[in-house]
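Chemist: Input file: query_3.tsv. Contents: TSV, C-alpha atoms.
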chain	number	residue	atom	x	y	z
A	1	MET	CA	42.77	-31.67	40.99
A	2	THR	CA	44.44	-28.39	40.16
A	3	VAL	CA	46.78	-28.23	37.19
A	4	ALA	CA	49.73	-25.91	37.67
A	5	LEU	CA	50.22	-23.25	35.04
A	6	SER	CA	53.36	-23.39	32.96
A	7	ALA	CA	55.88	-20.59	33.32
A	8	ILE	CA	54.79	-19.03	30.01
A	9	ASP	CA	51.12	-19.19	31.02
A	10	ARG	CA	51.98	-17.34	34.24
A	11	MET	CA	54.01	-14.79	32.25
A	12	LEU	CA	51.10	-14.25	29.85
A	13	ALA	CA	48.61	-13.85	32.71
A	14	THR	CA	50.88	-11.31	34.41
A	15	ALA	CA	51.26	-9.37	31.16
A	16	ARG	CA	47.51	-9.32	30.59
A	17	ASP	CA	46.87	-8.13	34.14
A	18	ARG	CA	48.90	-5.01	33.30
A	19	ILE	CA	47.42	-4.04	29.96
A	20	ALA	CA	43.96	-2.81	29.03
A	21	ARG	CA	43.37	-5.04	26.02
A	22	LEU	CA	41.09	-3.88	23.21
A	23	SER	CA	38.41	-5.61	21.21
A	24	ALA	CA	39.03	-5.54	17.49
A	25	CYS	CA	36.24	-2.95	17.06
A	26	ALA	CA	37.71	-0.70	19.76
A	27	ALA	CA	41.15	-1.03	18.17
A	28	ALA	CA	39.73	-0.07	14.77
A	29	ALA	CA	38.08	3.01	16.30
A	30	GLU	CA	41.29	4.05	18.06
A	31	HIS	CA	43.27	3.48	14.84
A	32	ALA	CA	40.83	5.76	13.01
A	33	ASP	CA	41.50	8.38	15.72
A	34	GLY	CA	45.28	8.17	15.27
A	35	ALA	CA	46.50	5.23	17.35
A	36	LEU	CA	49.31	3.24	15.71
A	37	ILE	CA	48.60	-0.42	15.00
A	38	VAL	CA	51.86	-2.36	14.86
A	39	ASP	CA	51.80	-5.82	13.29
A	40	ILE	CA	54.53	-8.04	14.74
A	41	ARG	CA	53.81	-11.22	12.76
A	42	PRO	CA	56.53	-12.68	10.52
A	43	GLU	CA	56.22	-12.06	6.78
A	44	ALA	CA	55.17	-15.63	5.95
A	45	GLN	CA	52.26	-15.40	8.37
A	46	ARG	CA	51.18	-11.99	7.04
A	47	ARG	CA	51.30	-13.29	3.47
A	48	LEU	CA	49.06	-16.19	4.44
A	49	GLU	CA	46.57	-14.30	6.64
A	50	GLY	CA	46.61	-10.73	5.31
A	51	GLU	CA	47.28	-7.34	6.92
A	52	ILE	CA	45.42	-4.41	8.44
A	53	PRO	CA	45.40	-1.32	6.20
A	54	GLY	CA	47.41	1.53	7.72
A	55	SER	CA	49.26	-0.69	10.19
A	56	LEU	CA	53.03	-0.52	10.61
A	57	ILE	CA	55.01	-3.72	10.14
A	58	LEU	CA	57.64	-4.20	12.87
A	59	GLU	CA	58.45	-7.85	13.33
A	60	ARG	CA	58.73	-9.04	16.92
A	61	ASN	CA	62.52	-9.39	16.93
A	62	VAL	CA	63.07	-5.61	16.52
A	63	LEU	CA	59.96	-4.19	18.19
A	64	GLU	CA	61.51	-2.75	21.35
A	65	TRP	CA	64.45	-1.16	19.52
A	66	ARG	CA	62.17	0.55	17.00
A	67	LEU	CA	59.63	1.86	19.54
A	68	ASP	CA	61.91	2.78	22.48
A	69	PRO	CA	62.01	6.60	22.40
A	70	THR	CA	65.57	6.48	23.79
A	71	SER	CA	66.96	3.97	21.26
A	72	SER	CA	69.24	5.07	18.45
A	73	ALA	CA	67.35	2.54	16.27
A	74	ARG	CA	63.91	4.06	16.99
A	75	ILE	CA	61.42	5.00	14.30
A	76	ALA	CA	60.31	8.62	13.97
A	77	GLU	CA	56.93	7.89	15.58
A	78	ALA	CA	58.47	6.54	18.80
A	79	ALA	CA	57.40	8.62	21.80
A	80	ALA	CA	56.53	7.84	25.41
A	81	ASP	CA	52.94	9.04	24.91
A	82	LEU	CA	52.40	7.00	21.73
A	83	ARG	CA	49.19	4.96	21.73
A	84	VAL	CA	50.41	1.74	20.16
A	85	ILE	CA	48.19	-1.28	19.57
A	86	ILE	CA	50.12	-4.48	18.93
A	87	VAL	CA	48.63	-7.19	16.74
A	88	CYS	CA	49.77	-10.76	16.22
A	89	SER	CA	47.81	-13.66	14.78
A	90	GLU	CA	45.71	-14.69	17.80
A	91	GLY	CA	46.56	-12.23	20.60
A	92	TYR	CA	49.11	-14.14	22.65
A	93	THR	CA	52.49	-12.83	21.50
A	94	SER	CA	51.00	-9.36	21.24
A	95	SER	CA	50.13	-9.33	24.96
A	96	LEU	CA	53.73	-10.13	25.88
A	97	ALA	CA	54.99	-7.50	23.43
A	98	ALA	CA	52.65	-4.81	24.76
A	99	ALA	CA	53.79	-5.51	28.33
A	100	SER	CA	57.40	-5.27	27.18
A	101	LEU	CA	56.71	-1.88	25.59
A	102	GLN	CA	55.13	-0.72	28.84
A	103	ASP	CA	58.36	-1.72	30.59
A	104	LEU	CA	60.16	0.65	28.19
A	105	GLY	CA	57.87	3.51	29.22
A	106	LEU	CA	55.21	3.32	26.51
A	107	HIS	CA	52.45	3.12	29.11
A	108	GLN	CA	49.63	3.27	26.55
A	109	ALA	CA	50.78	0.12	24.74
A	110	THR	CA	48.10	-2.55	24.40
A	111	ASP	CA	46.97	-5.33	22.08
A	112	ILE	CA	43.90	-6.77	20.40
A	113	VAL	CA	41.96	-9.61	22.01
A	114	GLY	CA	41.98	-12.43	19.45
A	115	GLY	CA	44.57	-10.69	17.27
A	116	PHE	CA	44.43	-10.38	13.51
A	117	LEU	CA	42.26	-13.47	13.13
A	118	ARG	CA	39.55	-11.89	15.29
A	119	TRP	CA	39.85	-8.59	13.35
A	120	GLN	CA	39.38	-10.52	10.12
A	121	ALA	CA	36.58	-12.75	11.45
A	122	ILE	CA	34.34	-9.81	12.33
A	123	GLY	CA	34.79	-8.27	8.90
A	124	LEU	CA	37.11	-5.35	9.63
A	125	PRO	CA	39.18	-4.23	6.62
A	126	THR	CA	42.15	-6.32	5.53
A	127	VAL	CA	44.42	-6.43	2.51
A	128	ASP	CA	46.70	-9.08	1.06
A	129	GLY	CA	49.91	-9.52	3.06
A	130	GLY	CA	53.52	-9.03	2.08
A	131	THR	CA	54.36	-5.48	3.14
A	132	PRO	CA	58.08	-5.25	3.92
A	133	ALA	CA	59.08	-4.79	7.57
A	134	GLY	CA	59.41	-1.16	8.60
A	135	ARG	CA	56.71	-0.01	6.19
A	136	TYR	CA	53.09	0.97	6.53
A	137	VAL	CA	50.47	-1.26	4.94
A	138	ALA	CA	48.74	0.52	2.07
A	139	HIS	CA	45.13	1.52	2.62
Let me see the file written as structure tokens.
Modeler:
Amino acid sequence: MTVALSAIDRMLATARDRIARLSACAAAAEHADGALIVDIRPEAQRRLEGEIPGSLILERNVLEWRLDPTSSARIAEAAADLRVIIVCSEGYTSSLAAASLQDLGLHQATDIVGGFLRWQAIGLPTVDGGTPAGRYVAH
């Protein structure tokens, strides 16, 4: 018996078919080489779980406006050739967000397989959470 996928499961699969997702180690290496890690988790979740040093906090509800190079609400770093790595808690919402950024023309947008929890589980650097939205997490 085959179980039909829900609409959101189909949407997630389609998004993941379009993006070249990164392992946490690969994301850390790209971040060290200048890629921008953008954490889209809400503040309460970041306070509970922690944050990645050097990441930029842009909560999910404003992500596209802040990273769209043509938006009047964009951040200074927004550019079509920006290598942006989206991180959420477990790597689901981040896949949808990365696909959305690709739709805006940021073709190098991707995410981390397993999200922040995977990053943390393999011992990559983290700091206590609570950085205000729109700010970089201190190193």
Chemist: Which one is closest to A:Gln45: A:Ile112, A:Cys88, A:Leu101, A:Cys25? Count all atoms listed in the file.
Modeler: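 Closest residue, counting all atoms listed in the file: A:Cys88.
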Chemist: Do you have the atom CA of A:Asp17-atom CA of A:Leu56 distance handy?
Modeler: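 Between atom CA of A:Asp17 and atom CA of A:Leu56 the gap works out to 25.5 Å.
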Chemist: Give as an MDAnalysis selection string each residue that has an atom at most 6 Å from (44.9, -11.5, 8.4) in the file, counting all atoms listed in the file.
Modeler: chainID A and resid 49:51 116:117 120
Chemist: If we count only C-alpha atoms and set the cut-off at 8 Å, which residues sit around A:Tyr136, ignoring sequence neighbours fewer than 6 positions away in its own chain? Please answer as a ChimeraX atom specification.
Modeler: /A:54-57
Chemist: For a test of reading the model, state the distance in Å between atom CA of A:Val127 and atom CA of A:Ser100, rounded to one decimal.
Modeler: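 Computing it gives 27.9 Å between the two atoms.
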Chemist: Considering only C-alpha atoms, can you say which of A:Leu48, A:Ile19, A:Val137, A:Ala24 comes closest to A:Ala121?
Modeler: A:Ala24
Chemist: Find the distance between atom CA of A:Asp81 and atom CA of A:Gly129 and write it in Å to one decimal.
Modeler: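 For atom CA of A:Asp81 relative to atom CA of A:Gly129, the distance reads 28.8 Å.
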Chemist: Taking all atoms listed in the file into account, name the residue in A:Leu106, A:Ala27, A:Ala73, A:Val38 that is nearest to A:Leu58.
Modeler: A:Val38
Chemist: Show me, as a PyMOL selection string, the residues that have an atom within 7 Å of A:Val113 when counting all atoms listed in the file, minus same-chain residues fewer than 5 positions from it.
Modeler: chain A and resi 21-24+91
Chemist: How would the residues just chosen look if you wrote them out with C-alpha atoms as a PDB file, in the frame of the given file?
Modeler:
ATOM      1  CA  ARG A  21      43.370  -5.040  26.020  1.00  0.00           C
ATOM      2  CA  LEU A  22      41.090  -3.880  23.210  1.00  0.00           C
ATOM      3  CA  SER A  23      38.410  -5.610  21.210  1.00  0.00           C
ATOM      4  CA  ALA A  24      39.030  -5.540  17.490  1.00  0.00           C
ATOM      5  CA  GLY A  91      46.560 -12.230  20.600  1.00  0.00           C
TER       6      GLY A  91
END
Chemist: Which of these, A:Val62, A:Ile52, A:Ala29, A:Leu104, has the shortest distance to A:Ser89 once you count only C-alpha atoms?
Modeler: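 Ranked by minimum distance to A:Ser89, first place goes to A:Ile52.
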Chemist: Just want the 12 Å neighbourhood of A:Tyr92, counted on all atoms listed in the file, with same-chain residues fewer than 3 positions away dropped. Output as a list in words.
Modeler: Ile8, Asp9, Met11, Leu12, Ala13, Ala15, Arg16, Arg21, Ile40, Arg41, Ile86, Val87, Cys88, Ser89, Ser95, Leu96, Ala97, Ala98, Ala99, Thr110, Asp111, Ile112, Val113, Gly114, Gly115, Phe116 and Leu117 of chain A
Chemist: Tell me which of A:Glu64, A:Glu90, A:Glu59, A:Asp33 sits closest to A:Trp119, counting all atoms listed in the file.
Modeler: A:Glu90
Chemist: Using all atoms listed in the file, which of the listed residues (A:Arg47, A:Ile85, A:Gly105, A:Arg118) sits closest to A:Thr70?
Modeler: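 The shortest atom-to-atom distance to A:Thr70 comes from A:Gly105.
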Chemist: List the neighbours of A:Leu67 out to 8 Å using all atoms listed in the file; skip same-chain residues closer than 4 positions along the sequence, and give me the result as a list in words.
Modeler: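 Close residues of A:Leu67: Leu63, Ser71, Arg74, Ile75, Glu77, Ala78, Ala79 and Leu101 of chain A.
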Chemist: For A:Gly34, list every protein, DNA or RNA residue within 10 Å, evaluated using all atoms listed in the file, and leave out those in the same chain fewer than 6 positions away; present the list as a compact mmCIF listing (two decimals) with C-alpha atoms, keeping the file's coordinate frame.
Modeler:
# COMPACT_ATOMS: atom_id res chain seq x y z
CA ALA A 28 39.73 -0.07 14.77
CA LEU A 82 52.40 7.00 21.73
CA ARG A 83 49.19 4.96 21.73
CA VAL A 84 50.41 1.74 20.16
